[in-house]
file protein_1.pdb (PDB, C-alpha atoms, pLDDT in the B column)
ATOM      1  CA  MET A   1       0.000   0.000   0.000  1.00 49.00           C
ATOM      2  CA  LEU A   2       2.802   2.375   0.893  1.00 48.00           C
ATOM      3  CA  LYS A   3       4.647   1.615  -2.366  1.00 53.00           C
ATOM      4  CA  LEU A   4       1.509   2.290  -4.403  1.00 54.00           C
ATOM      5  CA  ASN A   5       0.897   5.617  -2.636  1.00 62.00           C
ATOM      6  CA  PHE A   6       4.530   6.613  -3.209  1.00 58.00           C
ATOM      7  CA  LYS A   7       4.217   5.826  -6.942  1.00 61.00           C
ATOM      8  CA  ILE A   8       1.011   7.839  -7.171  1.00 62.00           C
ATOM      9  CA  PHE A   9       2.681  10.664  -5.264  1.00 55.00           C
ATOM     10  CA  CYS A  10       5.673  10.682  -7.683  1.00 53.00           C
ATOM     11  CA  LEU A  11       3.309  10.576 -10.674  1.00 53.00           C
ATOM     12  CA  LEU A  12       1.323  13.522  -9.310  1.00 55.00           C
ATOM     13  CA  ILE A  13       4.529  15.503  -8.637  1.00 58.00           C
ATOM     14  CA  GLY A  14       5.676  14.804 -12.219  1.00 53.00           C
ATOM     15  CA  ILE A  15       2.358  15.925 -13.694  1.00 57.00           C
ATOM     16  CA  PHE A  16       2.286  18.991 -11.456  1.00 51.00           C
ATOM     17  CA  SER A  17       5.862  19.921 -12.423  1.00 49.00           C
ATOM     18  CA  PHE A  18       5.079  19.504 -16.116  1.00 46.00           C
ATOM     19  CA  PHE A  19       2.102  21.869 -15.909  1.00 47.00           C
ATOM     20  CA  ILE A  20       4.063  24.420 -13.879  1.00 46.00           C
ATOM     21  CA  PHE A  21       6.793  24.351 -16.555  1.00 43.00           C
ATOM     22  CA  ILE A  22       4.222  24.822 -19.335  1.00 44.00           C
ATOM     23  CA  MET A  23       2.569  27.718 -17.510  1.00 46.00           C
ATOM     24  CA  LEU A  24       5.801  29.591 -16.717  1.00 43.00           C
ATOM     25  CA  PRO A  25       6.323  32.596 -18.973  1.00 50.00           C
ATOM     26  CA  GLN A  26       8.636  31.666 -21.809  1.00 51.00           C
ATOM     27  CA  LYS A  27      11.149  34.108 -23.215  1.00 57.00           C
ATOM     28  CA  GLN A  28       9.734  35.456 -26.426  1.00 62.00           C
ATOM     29  CA  LYS A  29      10.829  37.342 -29.472  1.00 70.00           C
ATOM     30  CA  TYR A  30       9.711  40.938 -29.261  1.00 79.00           C
ATOM     31  CA  PRO A  31       8.931  43.029 -32.346  1.00 87.00           C
ATOM     32  CA  VAL A  32      11.746  45.291 -33.524  1.00 89.00           C
ATOM     33  CA  VAL A  33      10.509  48.683 -34.710  1.00 92.00           C
ATOM     34  CA  ALA A  34      12.330  51.442 -36.598  1.00 93.00           C
ATOM     35  CA  TYR A  35      11.845  54.957 -35.240  1.00 94.00           C
ATOM     36  CA  LEU A  36      12.606  57.930 -37.506  1.00 93.00           C
ATOM     37  CA  ARG A  37      12.300  61.602 -36.636  1.00 91.00           C
ATOM     38  CA  VAL A  38      12.268  63.517 -39.900  1.00 89.00           C
ATOM     39  CA  LYS A  39      12.534  67.188 -40.718  1.00 85.00           C
ATOM     40  CA  ASP A  40      13.484  68.406 -44.192  1.00 83.00           C
ATOM     41  CA  GLU A  41      15.267  65.233 -45.314  1.00 88.00           C
ATOM     42  CA  ILE A  42      14.237  65.085 -48.984  1.00 88.00           C
ATOM     43  CA  LYS A  43      17.849  64.630 -50.125  1.00 90.00           C
ATOM     44  CA  THR A  44      18.354  61.460 -48.071  1.00 91.00           C
ATOM     45  CA  ILE A  45      14.989  60.030 -47.020  1.00 92.00           C
ATOM     46  CA  GLU A  46      14.482  57.797 -50.069  1.00 94.00           C
ATOM     47  CA  ALA A  47      17.869  56.101 -49.734  1.00 94.00           C
ATOM     48  CA  CYS A  48      17.395  55.748 -45.978  1.00 94.00           C
ATOM     49  CA  LEU A  49      13.921  54.212 -46.197  1.00 95.00           C
ATOM     50  CA  ASN A  50      14.925  51.879 -49.026  1.00 95.00           C
ATOM     51  CA  SER A  51      17.889  50.651 -46.983  1.00 94.00           C
ATOM     52  CA  ILE A  52      15.624  49.650 -44.047  1.00 94.00           C
ATOM     53  CA  ASP A  53      12.702  48.383 -46.152  1.00 95.00           C
ATOM     54  CA  GLY A  54      11.630  44.877 -45.118  1.00 94.00           C
ATOM     55  CA  VAL A  55      13.982  44.754 -42.143  1.00 94.00           C
ATOM     56  CA  PHE A  56      11.731  45.804 -39.256  1.00 94.00           C
ATOM     57  CA  ASP A  57       8.370  44.581 -37.989  1.00 94.00           C
ATOM     58  CA  ARG A  58       7.136  48.161 -38.157  1.00 94.00           C
ATOM     59  CA  ILE A  59       8.408  51.604 -39.153  1.00 96.00           C
ATOM     60  CA  VAL A  60       7.217  54.660 -37.216  1.00 96.00           C
ATOM     61  CA  ILE A  61       8.005  58.072 -38.697  1.00 96.00           C
ATOM     62  CA  ILE A  62       7.514  61.313 -36.786  1.00 94.00           C
ATOM     63  CA  HIS A  63       7.804  64.587 -38.667  1.00 92.00           C
ATOM     64  CA  SER A  64       7.590  68.243 -37.891  1.00 86.00           C
ATOM     65  CA  ASN A  65       5.765  69.858 -40.799  1.00 68.00           C
ATOM     66  CA  GLU A  66       6.642  73.501 -40.145  1.00 74.00           C
ATOM     67  CA  LYS A  67       8.164  73.980 -43.585  1.00 75.00           C
ATOM     68  CA  ASP A  68       8.255  70.926 -45.779  1.00 77.00           C
ATOM     69  CA  ASP A  69      10.852  70.336 -48.470  1.00 86.00           C
ATOM     70  CA  GLY A  70       8.811  67.509 -50.034  1.00 88.00           C
ATOM     71  CA  SER A  71       9.799  64.878 -47.453  1.00 88.00           C
ATOM     72  CA  VAL A  72       6.252  64.437 -46.138  1.00 90.00           C
ATOM     73  CA  ALA A  73       4.715  63.786 -49.568  1.00 91.00           C
ATOM     74  CA  PHE A  74       7.484  61.308 -50.377  1.00 94.00           C
ATOM     75  CA  MET A  75       7.117  59.484 -47.033  1.00 94.00           C
ATOM     76  CA  ASN A  76       3.327  59.300 -47.400  1.00 94.00           C
ATOM     77  CA  ALA A  77       3.668  57.747 -50.872  1.00 95.00           C
ATOM     78  CA  TRP A  78       6.377  55.351 -49.649  1.00 96.00           C
ATOM     79  CA  CYS A  79       4.392  54.256 -46.581  1.00 95.00           C
ATOM     80  CA  GLN A  80       1.150  53.775 -48.537  1.00 96.00           C
ATOM     81  CA  GLN A  81       2.876  50.901 -50.333  1.00 95.00           C
ATOM     82  CA  ARG A  82       3.768  49.188 -47.028  1.00 92.00           C
ATOM     83  CA  SER A  83       1.355  47.890 -44.417  1.00 90.00           C
ATOM     84  CA  ALA A  84       3.765  48.217 -41.480  1.00 93.00           C
ATOM     85  CA  CYS A  85       4.663  51.886 -41.904  1.00 96.00           C
ATOM     86  CA  GLU A  86       3.002  54.781 -40.106  1.00 95.00           C
ATOM     87  CA  ILE A  87       3.549  58.534 -40.081  1.00 95.00           C
ATOM     88  CA  HIS A  88       2.633  60.972 -37.307  1.00 95.00           C
ATOM     89  CA  GLU A  89       2.886  64.746 -37.396  1.00 94.00           C
ATOM     90  CA  TYR A  90       4.299  66.608 -34.415  1.00 94.00           C
ATOM     91  CA  PRO A  91       2.117  69.717 -33.990  1.00 93.00           C
ATOM     92  CA  HIS A  92       4.853  72.140 -32.892  1.00 93.00           C
ATOM     93  CA  ALA A  93       7.911  73.764 -34.441  1.00 91.00           C
ATOM     94  CA  VAL A  94      11.111  72.039 -33.327  1.00 91.00           C
ATOM     95  CA  ILE A  95      14.262  74.016 -32.661  1.00 89.00           C
ATOM     96  CA  PRO A  96      17.274  72.154 -34.114  1.00 84.00           C
ATOM     97  CA  SER A  97      20.038  70.972 -31.813  1.00 80.00           C
ATOM     98  CA  HIS A  98      22.949  73.375 -31.313  1.00 84.00           C
ATOM     99  CA  ASP A  99      20.656  76.339 -32.002  1.00 87.00           C
ATOM    100  CA  LYS A 100      21.554  79.443 -29.987  1.00 89.00           C
ATOM    101  CA  ARG A 101      17.917  79.768 -28.885  1.00 88.00           C
ATOM    102  CA  TYR A 102      18.607  76.926 -26.417  1.00 84.00           C
ATOM    103  CA  ASP A 103      20.823  79.362 -24.507  1.00 85.00           C
ATOM    104  CA  LYS A 104      17.624  81.125 -23.435  1.00 86.00           C
ATOM    105  CA  ALA A 105      14.331  79.792 -22.200  1.00 85.00           C
ATOM    106  CA  VAL A 106      12.674  77.681 -24.907  1.00 88.00           C
ATOM    107  CA  PRO A 107       9.083  76.449 -24.615  1.00 92.00           C
ATOM    108  CA  TYR A 108       9.268  72.732 -23.870  1.00 92.00           C
ATOM    109  CA  GLU A 109       7.051  71.763 -26.839  1.00 93.00           C
ATOM    110  CA  ASN A 110       9.677  73.258 -29.178  1.00 92.00           C
ATOM    111  CA  THR A 111      12.549  71.131 -27.825  1.00 90.00           C
ATOM    112  CA  LEU A 112      13.986  67.947 -29.252  1.00 88.00           C
ATOM    113  CA  ALA A 113      13.124  66.215 -25.975  1.00 88.00           C
ATOM    114  CA  ALA A 114       9.408  66.964 -26.414  1.00 91.00           C
ATOM    115  CA  TYR A 115       9.589  65.903 -30.068  1.00 92.00           C
ATOM    116  CA  ASN A 116      11.174  62.611 -29.058  1.00 89.00           C
ATOM    117  CA  GLU A 117       8.668  62.012 -26.240  1.00 90.00           C
ATOM    118  CA  PHE A 118       5.817  62.593 -28.675  1.00 94.00           C
ATOM    119  CA  GLY A 119       7.182  59.834 -30.892  1.00 92.00           C
ATOM    120  CA  LEU A 120       7.654  57.331 -28.080  1.00 90.00           C
ATOM    121  CA  GLN A 121       3.918  57.204 -27.403  1.00 91.00           C
ATOM    122  CA  PHE A 122       3.475  55.140 -30.584  1.00 94.00           C
ATOM    123  CA  PHE A 123       5.417  52.140 -29.241  1.00 91.00           C
ATOM    124  CA  ALA A 124       4.181  49.222 -27.158  1.00 87.00           C
ATOM    125  CA  PRO A 125       6.010  48.272 -23.949  1.00 82.00           C
ATOM    126  CA  ASN A 126       7.149  44.969 -25.469  1.00 81.00           C
ATOM    127  CA  GLU A 127       8.785  46.433 -28.593  1.00 85.00           C
ATOM    128  CA  TRP A 128      12.451  46.983 -29.293  1.00 84.00           C
ATOM    129  CA  VAL A 129      12.882  50.481 -30.675  1.00 87.00           C
ATOM    130  CA  VAL A 130      15.747  51.248 -33.062  1.00 87.00           C
ATOM    131  CA  LYS A 131      16.413  54.938 -33.699  1.00 89.00           C
ATOM    132  CA  ILE A 132      17.103  55.376 -37.401  1.00 90.00           C
ATOM    133  CA  ASP A 133      18.698  58.585 -38.609  1.00 88.00           C
ATOM    134  CA  ALA A 134      16.972  59.831 -41.753  1.00 89.00           C
ATOM    135  CA  ASP A 135      20.275  61.024 -43.199  1.00 87.00           C
ATOM    136  CA  GLN A 136      21.902  57.589 -42.934  1.00 87.00           C
ATOM    137  CA  VAL A 137      21.888  54.750 -45.429  1.00 89.00           C
ATOM    138  CA  TYR A 138      22.140  51.303 -43.863  1.00 88.00           C
ATOM    139  CA  LEU A 139      23.620  48.072 -45.139  1.00 89.00           C
ATOM    140  CA  THR A 140      20.362  46.111 -45.410  1.00 90.00           C
ATOM    141  CA  GLU A 141      21.825  42.621 -44.938  1.00 90.00           C
ATOM    142  CA  ARG A 142      23.861  43.705 -41.903  1.00 88.00           C
ATOM    143  CA  LEU A 143      20.789  45.417 -40.480  1.00 88.00           C
ATOM    144  CA  LYS A 144      18.769  42.211 -40.956  1.00 91.00           C
ATOM    145  CA  GLU A 145      21.458  40.280 -39.060  1.00 87.00           C
ATOM    146  CA  PHE A 146      21.302  42.860 -36.285  1.00 85.00           C
ATOM    147  CA  VAL A 147      17.496  42.644 -36.025  1.00 86.00           C
ATOM    148  CA  SER A 148      17.680  38.851 -35.987  1.00 86.00           C
ATOM    149  CA  MET A 149      20.209  39.017 -33.147  1.00 83.00           C
ATOM    150  CA  VAL A 150      18.080  41.485 -31.179  1.00 79.00           C
ATOM    151  CA  LYS A 151      15.081  39.151 -31.481  1.00 80.00           C
ATOM    152  CA  GLN A 152      16.886  36.279 -29.775  1.00 77.00           C
ATOM    153  CA  PRO A 153      15.201  35.695 -26.382  1.00 70.00           C
ATOM    154  CA  GLU A 154      18.528  35.597 -24.540  1.00 70.00           C
ATOM    155  CA  ASN A 155      19.151  39.221 -25.584  1.00 65.00           C
ATOM    156  CA  ASP A 156      16.077  40.555 -23.812  1.00 61.00           C
ATOM    157  CA  GLY A 157      16.986  43.836 -22.120  1.00 56.00           C
ATOM    158  CA  ALA A 158      20.396  44.156 -23.790  1.00 59.00           C
ATOM    159  CA  HIS A 159      21.708  47.216 -25.607  1.00 58.00           C
ATOM    160  CA  PHE A 160      23.279  47.158 -29.049  1.00 59.00           C
ATOM    161  CA  ALA A 161      25.103  49.571 -31.316  1.00 56.00           C
ATOM    162  CA  LEU A 162      25.635  49.543 -35.085  1.00 53.00           C
ATOM    163  CA  ILE A 163      27.738  51.366 -37.595  1.00 51.00           C
ATOM    164  CA  GLY A 164      25.925  53.108 -40.445  1.00 49.00           C
ATOM    165  CA  TYR A 165      26.883  55.138 -43.467  1.00 48.00           C
ATOM    166  CA  ASN A 166      26.110  58.784 -42.887  1.00 46.00           C
ATOM    167  CA  THR A 167      25.377  61.044 -45.812  1.00 44.00           C
ATOM    168  CA  PHE A 168      25.899  64.783 -45.919  1.00 44.00           C
ATOM    169  CA  PRO A 169      24.667  65.835 -49.368  1.00 45.00           C
ATOM    170  CA  TYR A 170      24.834  69.513 -48.507  1.00 43.00           C
ATOM    171  CA  LYS A 171      28.560  69.063 -47.757  1.00 43.00           C
ATOM    172  CA  LYS A 172      29.040  66.717 -50.741  1.00 43.00           C
ATOM    173  CA  ILE A 173      30.331  63.978 -48.416  1.00 42.00           C
ATOM    174  CA  ASN A 174      28.999  60.422 -48.621  1.00 40.00           C
ATOM    175  CA  ASN A 175      29.719  57.093 -46.967  1.00 37.00           C
ATOM    176  CA  VAL A 176      31.228  58.452 -43.781  1.00 37.00           C
ATOM    177  CA  TYR A 177      31.153  55.926 -40.964  1.00 36.00           C
ATOM    178  CA  SER A 178      29.334  57.031 -37.862  1.00 36.00           C
ATOM    179  CA  THR A 179      27.966  55.283 -34.827  1.00 38.00           C
ATOM    180  CA  PHE A 180      24.353  54.261 -34.729  1.00 41.00           C
ATOM    181  CA  ASN A 181      22.006  54.877 -31.827  1.00 40.00           C
ATOM    182  CA  PHE A 182      21.117  52.095 -29.420  1.00 40.00           C
ATOM    183  CA  ALA A 183      18.191  49.762 -29.646  1.00 42.00           C
ATOM    184  CA  PHE A 184      16.323  49.511 -26.377  1.00 41.00           C
ATOM    185  CA  ALA A 185      13.369  47.778 -24.828  1.00 40.00           C
ATOM    186  CA  PHE A 186      10.892  49.686 -22.695  1.00 36.00           C
TER     187      PHE A 186
END
call {"tool": "encode", "arguments": {"input": "protein_1.pdb", "output": "structure tokens"}}
result
Amino acid sequence: MLKLNFKIFCLLIGIFSFFIFIMLPQKQKYPVVAYLRVKDEIKTIEACLNSIDGVFDRIVIIHSNEKDDGSVAFMNAWCQQRSACEIHEYPHAVIPSHDKRYDKAVPYENTLAAYNEFGLQFFAPNEWVVKIDADQVYLTERLKEFVSMVKQPENDGAHFALIGYNTFPYKKINNVYSTFNFAFAF
């Protein structure tokens, strides 16, 4: 009788352990989303977007439409051909970095910080966000490898950096290496 009860006890422990293991949260692959802040990038936006096309689960573009150089119309046409691309307009003028107006009091809504915060509202807590510079052209295959690596469950919560080609058409300089912003999880 005691041996039978012990066998039943072991069987119940095994079944219980199996169900606990099944019910434990498993590490999962989180979506990796491109985040672009765009302002007057008509000279580079096409090359940038084409270099990241098909790499990310979603592309989120934020733009400040104070004076448009044609970037917004181009981005709208480009995104209409892709289901995972969305564009949002920031309703305030944004003062560029290194502008002397930052030496004085600047209304918060006109700062780059406010512009960035506005964009972050369009991401879910479980998404990796990769800041893409609209004046950079990326090596698509290398970017795909990077995204694949980021999606590995063991990399949850890690930080990564990439190298990208930066373009400066107004200075007639192309293919200058520069560091790429970090990907991060909320």
call {"tool": "residues_around", "arguments": {"input": "protein_1.pdb", "residues": "Cys79 of chain A", "least_positions_apart": "4", "cutoff": "12 Å", "atoms": "all atoms listed in the file", "output": "list in words"}}
result
Glu46, Leu49, Asn50, Asp53, Gly54, Arg58, Ile59, Val60, Ile61, Ser71, Val72, Ala73, Phe74, Met75, Ser83, Ala84, Cys85, Glu86, Ile87 and His88 of chain A
call {"tool": "axis_aligned_box", "arguments": {"input": "protein_1.pdb", "around": "segment 141-154 of chain A", "padding_each_side": "8 Å", "output": "lines of an AutoDock Vina configuration file"}}
result
center_x = 19.5
center_y = 40.5
center_z = -34.7
size_x = 24.8
size_y = 25.8
size_z = 36.4
call {"tool": "resolve_selection", "arguments": {"input": "protein_1.pdb", "expression": "the PyMOL selection byres ((chain A and resi 134) around 8)", "output": "ChimeraX atom specification"}}
result
/A:36-38,41,44-45,48-49,132-133,135-137
call {"tool": "write_last_selection", "arguments": {"input": "protein_1.pdb", "atoms": "C-alpha atoms", "output": "compact mmCIF listing (two decimals), keeping the file's coordinate frame"}}
result
# COMPACT_ATOMS: atom_id res chain seq x y z
CA LEU A 36 12.61 57.93 -37.51
CA ARG A 37 12.30 61.60 -36.64
CA VAL A 38 12.27 63.52 -39.90
CA GLU A 41 15.27 65.23 -45.31
CA THR A 44 18.35 61.46 -48.07
CA ILE A 45 14.99 60.03 -47.02
CA CYS A 48 17.40 55.75 -45.98
CA LEU A 49 13.92 54.21 -46.20
CA ILE A 132 17.10 55.38 -37.40
CA ASP A 133 18.70 58.58 -38.61
CA ASP A 135 20.27 61.02 -43.20
CA GLN A 136 21.90 57.59 -42.93
CA VAL A 137 21.89 54.75 -45.43
call {"tool": "closest_residue", "arguments": {"input": "protein_1.pdb", "among": "A:Ser148, A:Asn116, A:Thr140, A:Ser97", "to": "Asp57 of chain A", "atoms": "only C-alpha atoms"}}
result
A:Ser148
call {"tool": "closest_residue", "arguments": {"input": "protein_1.pdb", "among": "A:Pro91, A:Gly70, A:Pro107, A:Pro31", "to": "Gln152 of chain A", "atoms": "only C-alpha atoms"}}
result
A:Pro31
call {"tool": "resolve_selection", "arguments": {"input": "protein_1.pdb", "expression": "the PyMOL selection byres ((chain A and resi 94) around 7)", "output": "list in words"}}
result
Ser64, His92, Ala93, Ile95, Pro96, Asn110, Thr111 and Leu112 of chain A
call {"tool": "write_last_selection", "arguments": {"input": "protein_1.pdb", "atoms": "C-alpha atoms", "output": "mmCIF file, keeping the file's coordinate frame"}}
result
data_model
loop_
_atom_site.group_PDB
_atom_site.id
_atom_site.type_symbol
_atom_site.label_atom_id
_atom_site.label_comp_id
_atom_site.auth_asym_id
_atom_site.auth_seq_id
_atom_site.Cartn_x
_atom_site.Cartn_y
_atom_site.Cartn_z
ATOM 1 C CA SER A 64 7.590 68.243 -37.891
ATOM 2 C CA HIS A 92 4.853 72.140 -32.892
ATOM 3 C CA ALA A 93 7.911 73.764 -34.441
ATOM 4 C CA ILE A 95 14.262 74.016 -32.661
ATOM 5 C CA PRO A 96 17.274 72.154 -34.114
ATOM 6 C CA ASN A 110 9.677 73.258 -29.178
ATOM 7 C CA THR A 111 12.549 71.131 -27.825
ATOM 8 C CA LEU A 112 13.986 67.947 -29.252
#
call {"tool": "resolve_selection", "arguments": {"input": "protein_1.pdb", "expression": "the PyMOL selection byres ((chain A and resi 147) around 10)", "output": "MDAnalysis selection string"}}
result
chainID A and resid 31:33 55:57 128 130 141:146 148:152 183
call {"tool": "atom_distance", "arguments": {"input": "protein_1.pdb", "atom1": "atom CA of Ala77 of chain A", "atom2": "atom CA of Ala113 of chain A"}}
result
27.9 Å
call {"tool": "atom_distance", "arguments": {"input": "protein_1.pdb", "atom1": "atom CA of Ile52 of chain A", "atom2": "atom CA of Tyr138 of chain A"}}
result
6.7 Å
call {"tool": "atom_distance", "arguments": {"input": "protein_1.pdb", "atom1": "atom CA of Lys67 of chain A", "atom2": "atom CA of Ala34 of chain A"}}
result
24.0 Å
